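Raw contents of coords.cif, mmCIF, C-alpha atoms and all ligand atoms:
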```cif
data_start
loop_
_atom_site.label_atom_id
_atom_site.label_comp_id
_atom_site.auth_asym_id
_atom_site.auth_seq_id
_atom_site.Cartn_x
_atom_site.Cartn_y
_atom_site.Cartn_z
CA MET M 12 11.19 47.04 6.63
CA VAL M 13 14.29 45.18 5.54
CA GLU M 14 15.49 42.13 7.39
CA LYS M 15 18.86 42.76 8.94
CA THR M 16 19.73 39.14 9.28
CA THR M 17 19.33 36.18 7.03
CA MET M 18 17.98 33.02 8.53
CA ASN M 19 19.62 29.78 7.63
CA GLU M 20 18.92 26.30 8.84
CA CYS M 21 21.68 24.33 10.48
CA THR M 22 22.25 21.26 8.35
CA THR M 23 23.25 19.28 11.42
CA CYS M 24 20.47 19.94 13.91
CA GLY M 25 17.94 22.01 11.95
CA GLY M 26 18.37 24.95 14.30
CA ASP M 27 18.33 28.59 13.26
CA LEU M 28 21.53 30.25 12.14
CA HIS M 29 21.50 34.04 12.04
CA VAL M 30 23.67 35.53 9.35
CA PRO M 31 24.43 39.22 9.97
CA GLU M 32 23.71 41.61 7.13
CA ASP M 33 27.37 42.57 7.01
CA ALA M 34 28.62 39.00 6.96
CA MET M 35 31.34 38.31 4.47
CA VAL M 36 32.45 35.25 2.55
CA GLY M 37 34.88 33.30 4.67
CA GLU M 38 33.25 34.25 7.93
CA ILE M 39 32.57 31.48 10.41
CA LEU M 40 29.16 31.04 12.00
CA THR M 41 28.61 28.78 14.95
CA CYS M 42 25.28 27.07 15.46
CA PRO M 43 23.95 28.13 18.88
CA ASP M 44 22.19 24.80 19.30
CA CYS M 45 24.79 22.18 18.41
CA GLY M 46 28.01 24.18 18.15
CA VAL M 47 28.85 23.10 14.63
CA GLU M 48 30.81 25.71 12.70
CA PHE M 49 29.88 26.81 9.22
CA GLU M 50 31.84 28.92 6.80
CA ILE M 51 30.05 31.33 4.49
CA VAL M 52 31.09 30.25 1.01
CA SER M 53 28.77 32.42 -1.08
CA LEU M 54 26.68 35.56 -0.69
CA VAL M 55 24.61 36.25 -3.77
CA GLY M 56 21.43 38.28 -3.84
CA GLY M 57 20.85 37.78 -0.14
CA GLN M 58 21.17 34.03 -0.48
CA VAL M 59 23.77 32.60 1.83
CA LYS M 60 25.52 29.35 1.16
CA LEU M 61 27.21 27.65 4.07
CA ALA M 62 29.71 24.83 4.27
CA ALA M 63 30.51 22.86 7.38
CA ALA M 64 33.81 24.31 8.57
CA GLU M 65 34.96 20.97 9.88
CA ASN M 66 35.33 19.88 6.27
CA ILE M 67 37.65 22.75 5.48
CA LYS M 68 41.20 21.81 6.17
CA GLU M 69 43.21 24.95 6.05
CA ASP M 70 46.08 25.69 8.33
CA TRP M 71 46.46 29.37 9.04
CA GLY M 72 49.39 28.74 11.34
CA GLU M 73 47.60 29.83 14.46
ZN ZN S 101 23.05 23.03 14.71
#
```

Would you write the structure of this file as structure tokens?
Amino acid sequence: MVEKTTMNECTTCGGDLHVPEDAMVGEILTCPDCGVEFEIVSLVGGQVKLAAAENIKEDWGE
């Protein structure tokens, strides 16, 4: 059996973040426990690196 999601720990509250198997770099994940948003910054060999999205100041002109 192959895990379809990757578990990551929220750096803010220590809760569980589920990263879908088809997640892509740049995708935003929201912690279900504290609501903090994380951006996926790297996906290498099943290892997911997350960065707090609040620290990313990019204006997409929404
Ligand atoms: Zn959290």

Enumerate, in order of chain and increasing residue number, the residues of chain M with an atom no farther than 7 Å from ligand ZN 101 (chain S), each with its shortest atom pair and distance in Å to one decimal, counting only C-alpha atoms and all ligand atoms, as a Markdown table.
```
| residue | atom | partner | partner_atom | distance |
| --- | --- | --- | --- | --- |
| M:Cys21 | CA | S:ZN101 | ZN | 4.6 |
| M:Thr22 | CA | S:ZN101 | ZN | 6.7 |
| M:Thr23 | CA | S:ZN101 | ZN | 5.0 |
| M:Cys24 | CA | S:ZN101 | ZN | 4.1 |
| M:Gly25 | CA | S:ZN101 | ZN | 5.9 |
| M:Gly26 | CA | S:ZN101 | ZN | 5.1 |
| M:Cys42 | CA | S:ZN101 | ZN | 4.7 |
| M:Pro43 | CA | S:ZN101 | ZN | 6.6 |
| M:Asp44 | CA | S:ZN101 | ZN | 5.0 |
| M:Cys45 | CA | S:ZN101 | ZN | 4.2 |
| M:Gly46 | CA | S:ZN101 | ZN | 6.1 |
| M:Val47 | CA | S:ZN101 | ZN | 5.8 |
```

Subject >> Between atom CA of M:Ala62 and atom CA of M:Met18, distance in Å (one decimal) >> reply: 14.9 Å

**OP:** Can you work out which one of M:Asn19, M:Pro31, M:Thr41, M:Val36 has the shortest atom-to-atom distance to M:Leu54, counting all atoms listed in the file?
**Re:**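 Closest candidate: M:Val36.
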
Original post:
Do you know which residues are at most 7 Å from M:Glu48 counting only C-alpha atoms, after dropping those on the same chain fewer than 5 positions away, and could you put them as a list in words?
Top reply: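 Once the nearby chain positions are removed, what remains is Ile39, Leu40, Thr41, Cys42, Ala63, Ala64 and Glu65 of chain M.
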
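If you look at atom CA of M:His29 and atom CA of M:Val59, they are 10.6 Å away from each other.
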
Original post:
Just how far from atom CA of M:Leu28 is atom CA of M:Val55, in Å to one decimal?
Top reply: 17.3 Å
